[in-house]
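Colleague: So here's my_file_28.tsv, just TSV, C-alpha atoms:
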chain	number	residue	atom	x	y	z
A	1	MET	CA	6.12	-4.14	-29.07
A	2	ASP	CA	8.69	-4.36	-31.88
A	3	ALA	CA	8.85	-7.40	-34.15
A	4	SER	CA	12.02	-8.78	-32.59
A	5	ARG	CA	10.49	-8.59	-29.11
A	6	ALA	CA	7.30	-10.26	-30.31
A	7	GLN	CA	9.35	-13.15	-31.71
A	8	ASP	CA	10.86	-13.64	-28.25
A	9	LEU	CA	7.40	-14.37	-26.81
A	10	PRO	CA	5.79	-16.93	-29.15
A	11	SER	CA	3.93	-18.79	-26.41
A	12	VAL	CA	2.36	-15.73	-24.76
A	13	THR	CA	-1.20	-14.70	-25.54
A	14	VAL	CA	-1.13	-10.92	-25.54
A	15	THR	CA	-4.22	-9.84	-23.63
A	16	SER	CA	-4.41	-6.38	-22.25
A	17	PHE	CA	-6.47	-3.89	-20.28
A	18	ASP	CA	-6.71	-0.13	-20.44
A	19	GLN	CA	-5.61	1.11	-17.03
A	20	HIS	CA	-7.24	4.48	-17.77
A	21	ASP	CA	-10.68	3.06	-18.67
A	22	PRO	CA	-13.23	4.00	-15.97
A	23	ALA	CA	-15.01	0.67	-16.49
A	24	PHE	CA	-11.78	-1.19	-15.79
A	25	ILE	CA	-11.03	0.97	-12.75
A	26	ALA	CA	-14.53	0.23	-11.43
A	27	ASP	CA	-13.99	-3.52	-11.83
A	28	PRO	CA	-10.53	-4.76	-12.82
A	29	TYR	CA	-11.24	-8.29	-11.62
A	30	THR	CA	-13.30	-9.36	-14.64
A	31	ALA	CA	-10.43	-8.45	-16.94
A	32	PHE	CA	-7.95	-10.20	-14.66
A	33	ALA	CA	-10.03	-13.40	-14.75
A	34	ALA	CA	-10.07	-13.38	-18.55
A	35	MET	CA	-6.30	-12.93	-18.64
A	36	ARG	CA	-5.71	-15.62	-16.04
A	37	ALA	CA	-7.73	-18.08	-18.16
A	38	GLN	CA	-5.23	-17.56	-21.00
A	39	GLY	CA	-2.03	-17.84	-18.98
A	40	GLY	CA	-0.16	-16.80	-15.88
A	41	VAL	CA	1.85	-13.94	-17.45
A	42	HIS	CA	1.04	-11.46	-20.22
A	43	TRP	CA	2.88	-8.62	-21.90
A	44	HIS	CA	1.20	-5.23	-21.42
A	45	GLU	CA	2.19	-3.12	-24.38
A	46	GLU	CA	1.10	0.32	-23.13
A	47	MET	CA	2.77	-0.02	-19.73
A	48	GLY	CA	5.82	-1.72	-21.20
A	49	VAL	CA	5.89	-4.44	-18.56
A	50	ALA	CA	4.95	-8.11	-18.27
A	51	VAL	CA	2.17	-8.74	-15.75
A	52	ALA	CA	1.71	-11.90	-13.65
A	53	VAL	CA	-1.98	-12.58	-13.05
A	54	SER	CA	-2.06	-16.00	-11.39
A	55	HIS	CA	-1.27	-16.53	-7.72
A	56	ALA	CA	1.57	-18.91	-8.57
A	57	ALA	CA	3.13	-16.54	-11.10
A	58	ALA	CA	2.74	-13.47	-8.87
A	59	SER	CA	4.26	-15.37	-5.94
A	60	ALA	CA	7.19	-16.42	-8.11
A	61	VAL	CA	7.75	-12.80	-9.17
A	62	LEU	CA	7.82	-11.66	-5.54
A	63	LYS	CA	10.11	-14.47	-4.33
A	64	HIS	CA	12.56	-15.06	-7.19
A	65	ARG	CA	16.06	-13.96	-6.16
A	66	SER	CA	16.88	-12.89	-9.73
A	67	LEU	CA	13.94	-10.49	-9.78
A	68	GLY	CA	14.74	-7.47	-7.67
A	69	ARG	CA	13.73	-3.92	-6.86
A	70	ILE	CA	16.33	-2.17	-8.99
A	71	TRP	CA	15.78	1.56	-8.71
A	72	THR	CA	16.10	3.63	-11.88
A	73	ASP	CA	16.06	7.38	-11.31
A	74	ALA	CA	13.06	9.30	-12.60
A	75	LYS	CA	14.17	11.37	-15.58
A	76	PRO	CA	15.26	13.98	-16.32
A	77	VAL	CA	17.18	13.60	-13.08
A	78	GLU	CA	17.58	17.34	-12.58
A	79	ARG	CA	13.78	17.64	-12.29
A	80	PHE	CA	13.43	14.89	-9.67
A	81	THR	CA	16.31	15.43	-7.25
A	82	SER	CA	14.33	14.88	-4.05
A	83	PHE	CA	12.03	12.15	-5.40
A	84	ASN	CA	15.05	10.16	-6.57
A	85	LEU	CA	16.88	10.71	-3.27
A	86	LEU	CA	13.95	9.22	-1.36
A	87	HIS	CA	13.84	6.12	-3.52
A	88	ARG	CA	17.54	5.61	-4.16
A	89	ASN	CA	18.03	5.27	-0.39
A	90	SER	CA	14.88	3.31	0.35
A	91	LEU	CA	14.70	-0.14	1.89
A	92	LEU	CA	12.03	-1.01	-0.67
A	93	GLU	CA	14.12	-0.05	-3.71
A	94	ASN	CA	17.33	-1.91	-2.88
A	95	GLU	CA	18.52	-5.49	-3.01
A	96	PRO	CA	21.14	-7.31	-0.88
A	97	PRO	CA	23.60	-6.44	0.48
A	98	THR	CA	22.23	-2.88	0.84
A	99	HIS	CA	18.71	-4.14	1.50
A	100	SER	CA	19.94	-6.59	4.12
A	101	ARG	CA	21.80	-3.86	6.00
A	102	LEU	CA	18.89	-1.41	5.87
A	103	ARG	CA	16.28	-3.95	6.87
A	104	ARG	CA	18.41	-5.22	9.76
A	105	LEU	CA	18.81	-1.70	11.13
A	106	VAL	CA	15.17	-0.66	10.61
A	107	ALA	CA	13.88	-3.95	12.06
A	108	ALA	CA	16.11	-3.45	15.10
A	109	ALA	CA	14.60	-0.01	15.67
A	110	PHE	CA	11.06	-1.37	15.13
A	111	GLY	CA	11.83	-4.23	17.49
A	112	ARG	CA	12.07	-1.91	20.49
A	113	GLY	CA	8.38	-2.35	21.24
A	114	HIS	CA	6.92	0.50	19.20
A	115	VAL	CA	4.03	-1.49	17.69
A	116	GLU	CA	2.83	-2.93	20.99
A	117	ARG	CA	3.36	0.42	22.69
A	118	LEU	CA	0.93	1.98	20.24
A	119	ARG	CA	-1.76	-0.74	20.32
A	120	PRO	CA	-3.95	0.79	23.11
A	121	TRP	CA	-3.35	4.30	21.78
A	122	ILE	CA	-4.53	3.21	18.31
A	123	ALA	CA	-7.71	1.70	19.78
A	124	GLU	CA	-8.46	4.96	21.62
A	125	LEU	CA	-7.73	7.00	18.50
A	126	ALA	CA	-10.06	4.85	16.38
A	127	ASP	CA	-12.83	5.23	18.97
A	128	ARG	CA	-12.39	9.00	19.03
A	129	LEU	CA	-12.48	9.29	15.23
A	130	VAL	CA	-15.53	7.05	14.92
A	131	ASP	CA	-17.28	9.05	17.65
A	132	GLU	CA	-16.76	12.15	15.47
A	133	LEU	CA	-18.16	10.27	12.47
A	134	VAL	CA	-21.23	9.17	14.45
A	135	ALA	CA	-21.81	12.73	15.70
A	136	LYS	CA	-21.60	14.06	12.15
A	137	ILE	CA	-24.14	11.50	10.94
A	138	ALA	CA	-26.44	12.39	13.83
A	139	SER	CA	-26.31	16.09	13.00
A	140	GLU	CA	-26.24	15.99	9.19
A	141	GLY	CA	-27.67	12.61	8.24
A	142	GLN	CA	-24.47	11.30	6.66
A	143	ALA	CA	-20.68	11.61	6.87
A	144	ASP	CA	-17.62	10.55	4.90
A	145	LEU	CA	-15.73	7.61	6.41
A	146	LEU	CA	-12.56	8.48	4.51
A	147	SER	CA	-12.19	12.05	5.72
A	148	HIS	CA	-13.30	11.32	9.30
A	149	VAL	CA	-11.68	7.91	9.96
A	150	ALA	CA	-9.80	6.12	7.17
A	151	ALA	CA	-7.49	8.99	6.20
A	152	PRO	CA	-6.65	10.57	9.58
A	153	LEU	CA	-6.15	7.27	11.45
A	154	PRO	CA	-2.97	6.02	9.71
A	155	VAL	CA	-1.51	9.53	9.42
A	156	GLU	CA	-1.87	10.04	13.17
A	157	VAL	CA	-0.43	6.58	13.85
A	158	ILE	CA	2.64	7.05	11.63
A	159	ALA	CA	3.14	10.57	13.00
A	160	GLU	CA	3.00	9.24	16.56
A	161	LEU	CA	5.36	6.42	15.64
A	162	LEU	CA	7.87	8.83	14.11
A	163	GLY	CA	7.47	11.47	16.78
A	164	VAL	CA	6.14	14.22	14.49
A	165	PRO	CA	4.82	17.10	16.63
A	166	ALA	CA	1.03	17.48	16.65
A	167	GLN	CA	1.14	20.91	15.00
A	168	ASP	CA	2.96	19.49	11.95
A	169	ARG	CA	0.87	16.40	11.28
A	170	ALA	CA	-1.48	18.06	8.79
A	171	LEU	CA	1.51	18.37	6.44
A	172	LEU	CA	2.01	14.62	6.04
A	173	GLN	CA	-1.05	13.41	4.13
A	174	PRO	CA	-0.81	15.97	1.28
A	175	TRP	CA	2.89	15.15	0.85
A	176	SER	CA	2.18	11.42	0.73
A	177	ASN	CA	-0.76	11.79	-1.66
A	178	ALA	CA	1.33	13.84	-4.10
A	179	ILE	CA	4.39	11.59	-4.02
A	180	VAL	CA	2.58	8.27	-4.60
A	181	LYS	CA	1.00	9.60	-7.79
A	182	MET	CA	4.43	9.02	-9.38
A	183	TYR	CA	3.83	5.25	-9.17
A	184	GLU	CA	1.09	5.46	-11.80
A	185	TYR	CA	1.80	5.05	-15.51
A	186	ASP	CA	1.66	8.01	-17.97
A	187	LEU	CA	1.35	10.62	-15.21
A	188	ALA	CA	0.62	14.20	-16.32
A	189	GLU	CA	3.53	16.65	-16.00
A	190	ASP	CA	1.80	18.87	-13.45
A	191	LYS	CA	1.36	15.88	-11.12
A	192	GLN	CA	5.00	14.90	-11.64
A	193	ALA	CA	6.02	18.42	-10.64
A	194	ALA	CA	3.73	18.23	-7.59
A	195	ALA	CA	5.37	14.95	-6.55
A	196	GLU	CA	8.85	16.49	-6.71
A	197	HIS	CA	7.72	19.60	-4.82
A	198	ALA	CA	6.19	17.44	-2.07
A	199	SER	CA	9.35	15.31	-1.93
A	200	THR	CA	11.52	18.42	-1.52
A	201	GLU	CA	9.39	19.78	1.31
A	202	PHE	CA	9.23	16.40	3.04
A	203	VAL	CA	13.02	15.88	2.82
A	204	ALA	CA	13.67	19.32	4.31
A	205	TYR	CA	11.17	18.75	7.11
A	206	LEU	CA	12.65	15.37	8.05
A	207	ARG	CA	16.23	16.69	8.07
A	208	ASP	CA	15.08	19.20	10.68
A	209	LEU	CA	13.26	16.51	12.68
A	210	ILE	CA	16.30	14.21	12.60
A	211	ALA	CA	18.54	17.03	13.81
A	212	LEU	CA	16.10	17.66	16.66
A	213	ARG	CA	16.09	13.97	17.67
A	214	ARG	CA	19.90	13.78	17.54
A	215	ALA	CA	20.04	16.64	20.03
A	216	SER	CA	17.05	15.55	22.11
A	217	PRO	CA	16.06	11.85	21.71
A	218	GLY	CA	12.50	10.83	22.51
A	219	ASP	CA	10.40	7.66	22.79
A	220	ASP	CA	9.81	7.45	19.04
A	221	LEU	CA	11.02	5.53	16.01
A	222	VAL	CA	13.07	8.39	14.53
A	223	SER	CA	15.09	8.59	17.75
A	224	ASP	CA	15.71	4.84	17.60
A	225	LEU	CA	16.59	4.97	13.88
A	226	VAL	CA	19.13	7.69	14.68
A	227	ALA	CA	20.63	5.61	17.50
A	228	VAL	CA	20.54	2.09	16.05
A	229	THR	CA	23.84	0.54	14.96
A	230	ASP	CA	24.68	-2.61	13.06
A	231	THR	CA	26.94	-5.37	14.39
A	232	ASP	CA	29.91	-3.63	12.78
A	233	GLY	CA	28.99	-0.28	14.30
A	234	ALA	CA	27.49	1.12	11.07
A	235	LYS	CA	24.51	3.45	11.25
A	236	LEU	CA	21.88	4.65	8.81
A	237	THR	CA	23.02	7.66	6.80
A	238	GLU	CA	20.89	10.79	7.03
A	239	ASP	CA	19.54	10.18	3.51
A	240	GLU	CA	18.62	6.62	4.54
A	241	LEU	CA	16.89	7.93	7.66
A	242	VAL	CA	14.87	10.38	5.57
A	243	ALA	CA	13.97	7.71	3.00
A	244	THR	CA	12.94	5.26	5.73
A	245	ALA	CA	10.62	7.77	7.38
A	246	VAL	CA	8.99	8.67	4.07
A	247	LEU	CA	8.57	5.00	3.14
A	248	LEU	CA	6.86	4.31	6.46
A	249	LEU	CA	4.44	7.16	5.90
A	250	MET	CA	3.61	6.40	2.27
A	251	ALA	CA	3.35	2.63	2.66
A	252	GLY	CA	1.59	2.82	6.01
A	253	HIS	CA	-0.77	5.64	5.11
A	254	GLU	CA	-1.81	4.79	1.55
A	255	ALA	CA	-2.31	1.08	2.18
A	256	THR	CA	-4.28	1.49	5.40
A	257	VAL	CA	-6.53	4.27	4.09
A	258	ASN	CA	-7.50	2.14	1.13
A	259	VAL	CA	-7.89	-1.15	3.01
A	260	ILE	CA	-10.36	0.60	5.31
A	261	GLY	CA	-12.11	2.45	2.47
A	262	ASN	CA	-12.31	-0.43	-0.01
A	263	GLY	CA	-13.05	-2.88	2.78
A	264	VAL	CA	-15.89	-0.98	4.41
A	265	GLN	CA	-17.43	-0.45	0.98
A	266	ALA	CA	-17.32	-4.25	0.52
A	267	LEU	CA	-18.94	-4.72	3.93
A	268	MET	CA	-21.69	-2.23	3.09
A	269	ASN	CA	-22.27	-4.00	-0.24
A	270	HIS	CA	-22.50	-7.33	1.61
A	271	PRO	CA	-24.79	-6.51	4.56
A	272	HIS	CA	-24.91	-10.15	5.68
A	273	GLU	CA	-21.14	-10.08	6.25
A	274	TRP	CA	-21.43	-6.75	8.07
A	275	ARG	CA	-24.08	-8.19	10.40
A	276	ARG	CA	-21.85	-11.20	11.10
A	277	LEU	CA	-19.02	-8.88	12.13
A	278	VAL	CA	-21.28	-6.66	14.24
A	279	ASN	CA	-22.62	-9.71	16.08
A	280	ASP	CA	-19.30	-11.52	16.51
A	281	HIS	CA	-16.19	-9.41	17.07
A	282	SER	CA	-14.05	-12.55	17.22
A	283	LEU	CA	-14.23	-12.47	13.42
A	284	LEU	CA	-12.16	-9.26	13.27
A	285	PRO	CA	-8.80	-10.94	12.48
A	286	THR	CA	-10.12	-12.96	9.53
A	287	ALA	CA	-12.23	-10.00	8.38
A	288	VAL	CA	-9.10	-7.84	8.12
A	289	GLU	CA	-7.38	-10.42	5.90
A	290	GLU	CA	-10.44	-10.68	3.66
A	291	LEU	CA	-10.63	-6.90	3.28
A	292	ILE	CA	-7.02	-6.90	2.10
A	293	ARG	CA	-7.64	-9.79	-0.32
A	294	TYR	CA	-11.00	-8.86	-1.79
A	295	ASP	CA	-10.18	-5.39	-3.13
A	296	SER	CA	-6.42	-4.95	-2.89
A	297	PRO	CA	-5.22	-1.38	-2.13
A	298	LEU	CA	-1.99	-2.05	-4.06
A	299	GLN	CA	-2.74	-3.68	-7.39
A	300	LEU	CA	0.70	-3.89	-8.97
A	301	PHE	CA	4.25	-4.34	-7.70
A	302	GLU	CA	7.21	-4.34	-10.10
A	303	ARG	CA	10.43	-6.32	-10.19
A	304	THR	CA	13.43	-6.09	-12.55
A	305	ALA	CA	15.37	-9.12	-13.78
A	306	THR	CA	19.05	-9.25	-12.81
A	307	ALA	CA	19.53	-12.54	-14.71
A	308	PRO	CA	17.41	-14.50	-17.21
A	309	VAL	CA	14.21	-15.65	-15.48
A	310	THR	CA	11.24	-17.67	-16.66
A	311	ILE	CA	7.88	-17.16	-14.92
A	312	ALA	CA	4.92	-19.29	-16.05
A	313	GLY	CA	6.65	-19.87	-19.39
A	314	PHE	CA	7.41	-16.18	-19.92
A	315	GLU	CA	11.07	-15.30	-20.38
A	316	VAL	CA	12.21	-12.12	-18.64
A	317	GLU	CA	15.55	-10.85	-19.90
A	318	PRO	CA	18.01	-9.02	-17.62
A	319	GLY	CA	17.03	-5.40	-17.21
A	320	ARG	CA	13.38	-5.98	-18.16
A	321	LYS	CA	10.49	-5.57	-15.75
A	322	ILE	CA	7.72	-7.89	-14.67
A	323	ALA	CA	4.95	-6.97	-12.25
A	324	ALA	CA	2.87	-9.04	-9.86
A	325	LEU	CA	-0.78	-8.05	-10.19
A	326	LEU	CA	-1.73	-8.55	-6.56
A	327	GLY	CA	-5.43	-7.98	-7.16
A	328	ALA	CA	-5.46	-10.65	-9.86
A	329	ALA	CA	-3.56	-13.12	-7.68
A	330	ALA	CA	-6.10	-12.54	-4.89
A	331	ARG	CA	-8.95	-13.83	-7.09
A	332	ASP	CA	-7.23	-16.95	-8.40
A	333	PRO	CA	-9.63	-19.94	-8.14
A	334	GLU	CA	-6.66	-22.31	-7.99
A	335	VAL	CA	-5.92	-20.91	-4.52
A	336	PHE	CA	-9.14	-19.32	-3.23
A	337	THR	CA	-12.44	-21.22	-3.16
A	338	ASP	CA	-15.15	-19.12	-4.84
A	339	PRO	CA	-12.69	-16.19	-5.08
A	340	ASP	CA	-15.25	-13.54	-6.08
A	341	ARG	CA	-17.24	-14.20	-2.91
A	342	PHE	CA	-16.63	-11.82	0.00
A	343	ASP	CA	-16.31	-13.98	3.13
A	344	ILE	CA	-15.01	-12.50	6.39
A	345	THR	CA	-14.47	-16.01	7.81
A	346	ARG	CA	-12.22	-17.10	4.94
A	347	ASN	CA	-9.39	-19.20	6.36
A	348	PRO	CA	-6.75	-19.88	5.19
A	349	ASN	CA	-6.35	-16.66	3.23
A	350	PRO	CA	-2.90	-16.60	1.56
A	351	HIS	CA	-3.29	-13.21	-0.14
A	352	LEU	CA	-0.19	-11.35	-1.28
A	353	GLY	CA	-1.28	-7.95	0.02
A	354	PHE	CA	1.86	-7.50	2.14
A	355	GLY	CA	4.18	-8.99	-0.47
A	356	MET	CA	6.46	-12.02	-0.13
A	357	GLY	CA	10.15	-12.75	0.15
A	358	ILE	CA	12.75	-10.27	1.36
A	359	HIS	CA	10.48	-7.28	0.64
A	360	TYR	CA	7.63	-8.53	2.81
A	361	CYS	CA	6.07	-5.47	4.45
A	362	LEU	CA	7.85	-4.58	7.69
A	363	GLY	CA	4.80	-2.62	8.85
A	364	ALA	CA	2.26	-5.44	8.34
A	365	PRO	CA	1.64	-5.98	12.09
A	366	LEU	CA	0.97	-2.26	12.58
A	367	ALA	CA	-1.37	-2.11	9.57
A	368	ARG	CA	-3.38	-5.05	10.87
A	369	ILE	CA	-3.76	-3.37	14.28
A	370	GLU	CA	-4.99	-0.15	12.64
A	371	VAL	CA	-7.56	-1.81	10.37
A	372	GLN	CA	-8.83	-4.04	13.17
A	373	ALA	CA	-9.19	-1.03	15.49
A	374	ALA	CA	-11.20	0.88	12.86
A	375	LEU	CA	-13.50	-2.07	12.17
A	376	SER	CA	-13.99	-2.76	15.88
A	377	SER	CA	-15.00	0.84	16.55
A	378	LEU	CA	-17.37	0.96	13.58
A	379	ALA	CA	-19.01	-2.34	14.54
A	380	ARG	CA	-19.56	-1.17	18.13
A	381	LYS	CA	-20.50	2.45	17.55
A	382	LEU	CA	-22.21	2.37	14.15
A	383	PRO	CA	-23.73	-1.12	13.88
A	384	ASN	CA	-26.52	-0.01	11.53
A	385	ALA	CA	-24.22	1.69	9.05
A	386	THR	CA	-25.23	1.73	5.39
A	387	LEU	CA	-24.05	3.61	2.31
A	388	ALA	CA	-25.61	7.07	2.07
A	389	ALA	CA	-24.59	7.43	-1.61
A	390	THR	CA	-22.48	5.70	-4.21
A	391	PRO	CA	-18.78	6.22	-3.35
A	392	ARG	CA	-16.56	7.89	-5.94
A	393	ARG	CA	-13.59	5.78	-6.97
A	394	ARG	CA	-10.18	7.33	-7.62
A	395	ALA	CA	-9.00	7.19	-11.24
A	396	GLU	CA	-5.63	5.59	-10.45
A	397	PHE	CA	-5.01	1.90	-11.09
A	398	VAL	CA	-1.84	0.96	-9.18
A	399	ILE	CA	-3.01	2.38	-5.85
A	400	ARG	CA	-6.69	1.48	-5.69
A	401	GLY	CA	-8.95	3.57	-3.51
A	402	LEU	CA	-11.93	5.86	-3.13
A	403	HIS	CA	-12.38	9.62	-3.03
A	404	ASP	CA	-15.09	9.25	-0.40
A	405	LEU	CA	-17.34	6.74	1.35
A	406	PRO	CA	-20.52	8.44	2.60
A	407	LEU	CA	-22.19	6.53	5.42
A	408	THR	CA	-25.48	6.90	7.22
A	409	SER	CA	-27.21	4.85	9.89
A	410	ASP	CA	-30.62	3.20	9.76
Translate the structure described by the file into structure tokens.
Modeller:
Amino acid sequence: MDASRAQDLPSVTVTSFDQHDPAFIADPYTAFAAMRAQGGVHWHEEMGVAVAVSHAAASAVLKHRSLGRIWTDAKPVERFTSFNLLHRNSLLENEPPTHSRLRRLVAAAFGRGHVERLRPWIAELADRLVDELVAKIASEGQADLLSHVAAPLPVEVIAELLGVPAQDRALLQPWSNAIVKMYEYDLAEDKQAAAEHASTEFVAYLRDLIALRRASPGDDLVSDLVAVTDTDGAKLTEDELVATAVLLLMAGHEATVNVIGNGVQALMNHPHEWRRLVNDHSLLPTAVEELIRYDSPLQLFERTATAPVTIAGFEVEPGRKIAALLGAAARDPEVFTDPDRFDITRNPNPHLGFGMGIHYCLGAPLARIEVQAALSSLARKLPNATLAATPRRRAEFVIRGLHDLPLTSD
């Protein structure tokens, strides 16, 4: 930070973390607690962004109307044509009035009963995937929860929601995995190129799917997004339709995979809580919320100031960024009793895992159904599950997850 910038922040204790340090990736919560003890907001020099670490400060970042999602194209723009198109037209990356129009149209399409229509189908899918996991454990002694259940479940759900034909669904997860790498800091150039390549292929695929649904509507969300109109007769543009579909996949897939993966790891590391869930399925709703809180799949969410804003004594000038550290907020002792304790009966549980304010996650009800279905199936079909080996954690910080989660059964 330059001297003039440092003089602007005399009251802020500059405490940092190395987002590339494997020890920090393994346990970011110790560092977050140390930062929280020194103040609600800190400047992170390497990332070039202020970070809110208390629940109150993170909530203020998410709710403040002068802190918005102001999209800035990835540069050089000629290298990221498709990636920028997806985000420039995204519900998540716009503020009112564009955000209001997009959310109204997308919510209207969602509101046609798609989530409830899928509820029994999701339960059947989860049972089928867990049956395959159980069979693999029976034949080989162990199996990976991520590859058999956590990863395919949300991809199949989003594909069914969007009306992606069965033969094309294997394309979706690799595209999503490549694109979301761009949300990390200091990403290597080869991974940046992979993100743009995946974006280009995804855009082309969705243009074809949209054309198909225009000609032959079905009982799916893409058909409804094509048809939905606003009160003034306006529709989503094709670029907005493409961006909406990609957002639903990336947000729905990445978050759900990692809630299930991180959450089941927590359950295996706390066998008493696992036994409670196995013996009492009425605890499923509160268990889902605790899985989201305890080891957040999305650790950081940025905002940009559109006017001068002060958060926990930290002044954010127009055009500068501040991020809510959702994982830090989820362990704040001012809000959560004994916050480092994993408790599937925790209630109330005001975590920020789905955001707050106008950008609150539109797909939250669907995500909850998916995670609950996976936990229900595991508790019924694999009640004696234990870890077969130490899971390997992914190296990324912003999107927190595992490479694998090998399970066995006693």
Colleague: For segment 208-214 of chain A, find every residue with an atom within 7 Å (counting only C-alpha atoms), except residues of its own chain fewer than 6 positions away, and show them as a PyMOL selection string.
Modeller: chain A and resi 222-223+226
Colleague: So, with all atoms listed in the file as the atoms that count, which of A:Leu91, A:Leu300, A:Val155, A:Ala312 lies closest to Ala324 of chain A?
Modeller: A:Leu300
Colleague: Between A:His44, A:Arg36, A:Lys181, A:Arg392, which residue has the minimum interatomic distance to Ala198 of chain A, considering all atoms listed in the file?
Modeller: A:Lys181
Colleague: For a quick check of understanding, using all atoms listed in the file, which of A:Asn347, A:Pro391, A:Glu396, A:Leu298 has the smallest distance to Ala251 of chain A?
Modeller: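 Ranking A:Asn347, A:Pro391, A:Glu396, A:Leu298 by distance to Ala251 of chain A, first place goes to A:Leu298.
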Colleague: Around all of segment 156-172 of chain A's listed atoms, make the axis-aligned box with 5 Å on each side and tell me centre and edge lengths in Å to one decimal, as AutoDock Vina command-line options.
Modeller:
--center_x 3.0 --center_y 13.7 --center_z 11.4 --size_x 19.7 --size_y 24.5 --size_z 20.7
Colleague: Check the smallest atom-to-atom distance from each of A:Leu221, A:Ala373, A:Leu85, A:Leu206 to Gly163 of chain A using all atoms listed in the file, then report the winner.
Modeller: A:Leu221
Colleague: Quick one: pull the distance between atom CA of Ile311 of chain A and atom CA of Lys75 of chain A, Å, one decimal.
Modeller: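 Atom CA of Lys75 of chain A lies at a distance of 29.2 Å from atom CA of Ile311 of chain A.
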Colleague: Which residue, A:Ile399, A:Ala243, A:Ala328, A:Leu382, has the smallest gap to Met35 of chain A when you use all atoms listed in the file?
Modeller: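 Looking only at the distances to Met35 of chain A, the closest residue turns out to be A:Ala328.
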Colleague: Measuring atom to atom with only C-alpha atoms, identify which of A:Gly261, A:Pro217, A:Gly48, A:Gly111 is nearest to Tyr185 of chain A.
Modeller: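 Comparing A:Gly261, A:Pro217, A:Gly48, A:Gly111 against Tyr185 of chain A, the winner is A:Gly48.
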Colleague: Can you write out as CSV which residues of segment 16-132 of chain A fall within 8 Å of segment 140-148 of chain A, alongside each residue's closest atom pair and its distance in Å to one decimal, counting all atoms listed in the file and ordering rows by chain and ascending residue number?
Modeller:
residue,atom,partner,partner_atom,distance
A:Leu129,CA,A:His148,CA,6.3
A:Val130,CA,A:His148,CA,7.4
A:Glu132,CA,A:His148,CA,7.1
Colleague: To one decimal in Å, tell me the separation between atom CA of Leu133 of chain A and atom CA of His272 of chain A.
Modeller: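 Atom CA of His272 of chain A lies 22.6 Å from atom CA of Leu133 of chain A.
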Colleague: In Å, rounded to a single decimal, give me how far atom CA of Thr256 of chain A is from atom CA of Tyr183 of chain A.
Modeller: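 Those two atoms sit 17.1 Å apart.
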Colleague: So that I can see what lies close to Leu187 of chain A, please list as number ranges by chain the residues with an atom at most 12 Å from it, counting all atoms listed in the file and leaving out residues fewer than 3 positions away in the same chain.
Modeller: A: 19-20, 47, 178-184, 190-195, 395-398
Colleague: Find the spatial neighbours of Val278 of chain A, counting all atoms listed in the file, within a cut-off of 7 Å - ignore same-chain residues fewer than 6 positions away - and output them as JSON, numbers by chain.
Modeller: {"A": [379, 380, 383]}
Colleague: Got a sec: who's within 12 Å of Gly233 of chain A, counting all atoms listed in the file, leaving out chain neighbours fewer than 4 positions off, as a PDB file with C-alpha atoms, keeping the file's coordinate frame?
Modeller:
ATOM      1  CA  ARG A 101      21.800  -3.860   6.000  1.00  0.00           C
ATOM      2  CA  LEU A 105      18.810  -1.700  11.130  1.00  0.00           C
ATOM      3  CA  ALA A 227      20.630   5.610  17.500  1.00  0.00           C
ATOM      4  CA  VAL A 228      20.540   2.090  16.050  1.00  0.00           C
ATOM      5  CA  THR A 229      23.840   0.540  14.960  1.00  0.00           C
TER       6      THR A 229
END
Colleague: Which polymer residues have any atom within 9 Å of an atom of Asp127 of chain A, counting only C-alpha atoms, with same-chain residues fewer than 2 positions away left out, as a compact mmCIF listing (two decimals) with C-alpha atoms, keeping the file's coordinate frame?
Modeller:
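Contents of the output file result-v8.txt:
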# COMPACT_ATOMS: atom_id res chain seq x y z
CA ILE A 122 -4.53 3.21 18.31
CA ALA A 123 -7.71 1.70 19.78
CA GLU A 124 -8.46 4.96 21.62
CA LEU A 125 -7.73 7.00 18.50
CA LEU A 129 -12.48 9.29 15.23
CA VAL A 130 -15.53 7.05 14.92
CA ASP A 131 -17.28 9.05 17.65
CA GLU A 132 -16.76 12.15 15.47
CA ALA A 373 -9.19 -1.03 15.49
CA ALA A 374 -11.20 0.88 12.86
CA SER A 376 -13.99 -2.76 15.88
CA SER A 377 -15.00 0.84 16.55
CA LEU A 378 -17.37 0.96 13.58
CA LYS A 381 -20.50 2.45 17.55
